[in-house]
Amino acid sequence: MPDMNTVTVTELRWAKLVYPPVGDDTTTWVPCTTADGRPAALALDDQERVALGSRLLHRTQQDTVVLDEFFKAERLYFRAGVTFRCDGLARHPHTTEQTAFGFEHHGSPQAPWAPTIRRQRSWQKGWQDITCPEHGYTCTPFAPAADCGAHR
């Protein structure tokens, strides 16, 4: 009979893949390898997957962002010379991480808008909501509507 007071730890390295539940199976599989290179996997039920997903966001005691806070659709944000226009939100199908979709603009008024996504880690870097109170998120400091009182 094994000694119940002895714990054996097997080091697993994540293979950067996640296989979500398929069909009636509610198990999420996380492929890994052992320290000596053998294949292994972590099996997670729905509750474990959500809990682990939050942990993988690397939150620390110093983070000031609350889990419920995130970008909001139809809002305009600014940080370090980048303007982000959030057009929608969705949860990633494999990780359930909340994701914001929209367009970003870098620097000068002549710079083009480019499609982009933002994740929880990006939110934690301190974006400022600059949505125009008069015209909503379609009014930007670089748009023709910049003549509105909110951007003078």
# chains A, B, ... in the order shown; residues from 1 in each chain; ligands from 1
call {"tool": "residues_around", "arguments": {"residues": "region 124-135 of chain A", "least_positions_apart": "4", "cutoff": "6 Å", "atoms": "only C-alpha atoms", "output": "VMD selection string"}}
result
chain A and resid 75 to 79 139
call {"tool": "residues_around", "arguments": {"residues": "region 17-19 of chain A", "least_positions_apart": "4", "cutoff": "7 Å", "atoms": "only C-alpha atoms", "output": "CSV table (one decimal) with N, CA, C and O atoms, in the first residue's frame"}}
result
chain,number,residue,atom,x,y,z
A,28,THR,N,-12.4,19.8,-20.8
A,28,THR,CA,-11.4,20.6,-21.5
A,28,THR,C,-10.0,19.9,-21.3
A,28,THR,O,-9.6,19.7,-20.2
A,29,TRP,N,-9.3,19.7,-22.4
A,29,TRP,CA,-8.0,19.0,-22.3
A,29,TRP,C,-6.9,20.1,-22.6
A,29,TRP,O,-7.0,20.8,-23.5
A,30,VAL,N,-5.9,20.1,-21.7
A,30,VAL,CA,-4.8,21.0,-21.8
A,30,VAL,C,-3.5,20.1,-22.0
A,30,VAL,O,-3.0,19.5,-21.0
A,31,PRO,N,-3.1,20.0,-23.2
A,31,PRO,CA,-1.9,19.1,-23.5
A,31,PRO,C,-0.6,19.7,-22.8
A,31,PRO,O,-0.4,20.9,-22.8
A,94,HIS,N,-12.0,29.0,-26.6
A,94,HIS,CA,-11.1,27.9,-25.9
A,94,HIS,C,-10.8,28.3,-24.5
A,94,HIS,O,-10.8,27.5,-23.6
call {"tool": "atom_distance", "arguments": {"atom1": "CA of Ala100 (chain A)", "atom2": "CA of Arg119 (chain A)"}}
result
6.4 Å
call {"tool": "residues_around", "arguments": {"residues": "Arg85 (chain A)", "least_positions_apart": "2", "cutoff": "8 Å", "atoms": "only C-alpha atoms", "output": "NGL selection string"}}
result
:A and (74-77 or 83 or 87 or 102-104 or 137)
call {"tool": "closest_residue", "arguments": {"among": "A:Pro115, A:Ser122, A:Lys16, A:Thr96", "to": "Arg49 (chain A)", "atoms": "only C-alpha atoms"}}
result
A:Thr96
call {"tool": "residues_around", "arguments": {"residues": "region 33-38 of chain A", "least_positions_apart": "5", "cutoff": "6 Å", "atoms": "only C-alpha atoms", "output": "JSON, numbers by chain"}}
result
{"A": [11, 12, 13]}
call {"tool": "atom_distance", "arguments": {"atom1": "CA of Thr99 (chain A)", "atom2": "CA of Ala73 (chain A)"}}
result
10.8 Å
call {"tool": "residues_around", "arguments": {"residues": "Asp25 (chain A)", "least_positions_apart": "5", "cutoff": "12 Å", "atoms": "only C-alpha atoms", "output": "JSON list (two decimals) with all heavy atoms, in the first residue's frame"}}
result
[["chain", "number", "residue", "atom", "x", "y", "z"],
["A", 19, "TYR", "N", -7.88, 22.21, -25.77],
["A", 19, "TYR", "CA", -8.94, 21.57, -26.55],
["A", 19, "TYR", "C", -10.24, 21.66, -25.75],
["A", 19, "TYR", "O", -10.37, 21.04, -24.70],
["A", 19, "TYR", "CB", -8.59, 20.12, -26.86],
["A", 19, "TYR", "CG", -7.38, 20.00, -27.76],
["A", 19, "TYR", "CD1", -6.14, 19.63, -27.26],
["A", 19, "TYR", "CD2", -7.48, 20.29, -29.11],
["A", 19, "TYR", "CE1", -5.02, 19.54, -28.08],
["A", 19, "TYR", "CE2", -6.37, 20.21, -29.94],
["A", 19, "TYR", "CZ", -5.15, 19.83, -29.42],
["A", 19, "TYR", "OH", -4.05, 19.75, -30.24],
["A", 20, "PRO", "N", -11.21, 22.44, -26.25],
["A", 20, "PRO", "CA", -12.47, 22.62, -25.52],
["A", 20, "PRO", "C", -13.33, 21.36, -25.57],
["A", 20, "PRO", "O", -13.05, 20.45, -26.35],
["A", 20, "PRO", "CB", -13.13, 23.76, -26.28],
["A", 20, "PRO", "CG", -12.59, 23.66, -27.66],
["A", 20, "PRO", "CD", -11.18, 23.16, -27.52],
["A", 43, "ALA", "N", -6.90, 17.44, -17.45],
["A", 43, "ALA", "CA", -8.32, 17.38, -17.79],
["A", 43, "ALA", "C", -9.08, 18.31, -16.84],
["A", 43, "ALA", "O", -8.96, 18.20, -15.63],
["A", 43, "ALA", "CB", -8.83, 15.95, -17.66],
["A", 44, "LEU", "N", -9.86, 19.24, -17.41],
["A", 44, "LEU", "CA", -10.59, 20.22, -16.61],
["A", 44, "LEU", "C", -12.08, 20.15, -16.90],
["A", 44, "LEU", "O", -12.48, 20.07, -18.07],
["A", 44, "LEU", "CB", -10.11, 21.64, -16.94],
["A", 44, "LEU", "CG", -8.62, 21.93, -16.81],
["A", 44, "LEU", "CD1", -8.32, 23.30, -17.39],
["A", 44, "LEU", "CD2", -8.19, 21.86, -15.37],
["A", 45, "ASP", "N", -12.90, 20.22, -15.86],
["A", 45, "ASP", "CA", -14.34, 20.35, -16.10],
["A", 45, "ASP", "C", -14.64, 21.83, -16.31],
["A", 45, "ASP", "O", -13.74, 22.68, -16.25],
["A", 45, "ASP", "CB", -15.17, 19.74, -14.96],
["A", 45, "ASP", "CG", -15.01, 20.45, -13.62],
["A", 45, "ASP", "OD1", -14.60, 21.62, -13.59],
["A", 45, "ASP", "OD2", -15.30, 19.82, -12.59],
["A", 46, "ASP", "N", -15.89, 22.19, -16.58],
["A", 46, "ASP", "CA", -16.23, 23.58, -16.89],
["A", 46, "ASP", "C", -15.84, 24.55, -15.78],
["A", 46, "ASP", "O", -15.28, 25.61, -16.02],
["A", 46, "ASP", "CB", -17.73, 23.72, -17.17],
["A", 46, "ASP", "CG", -18.11, 23.13, -18.52],
["A", 46, "ASP", "OD1", -17.22, 22.97, -19.37],
["A", 46, "ASP", "OD2", -19.30, 22.84, -18.71]]
call {"tool": "closest_residue", "arguments": {"among": "A:Ala15, A:Ala90, A:Val22, A:Val7", "to": "Leu42 (chain A)", "atoms": "only C-alpha atoms"}}
result
A:Ala15
call {"tool": "closest_residue", "arguments": {"among": "A:Phe84, A:Trp14, A:Trp123, A:Phe71", "to": "Thr138 (chain A)", "atoms": "only C-alpha atoms"}}
result
A:Phe84
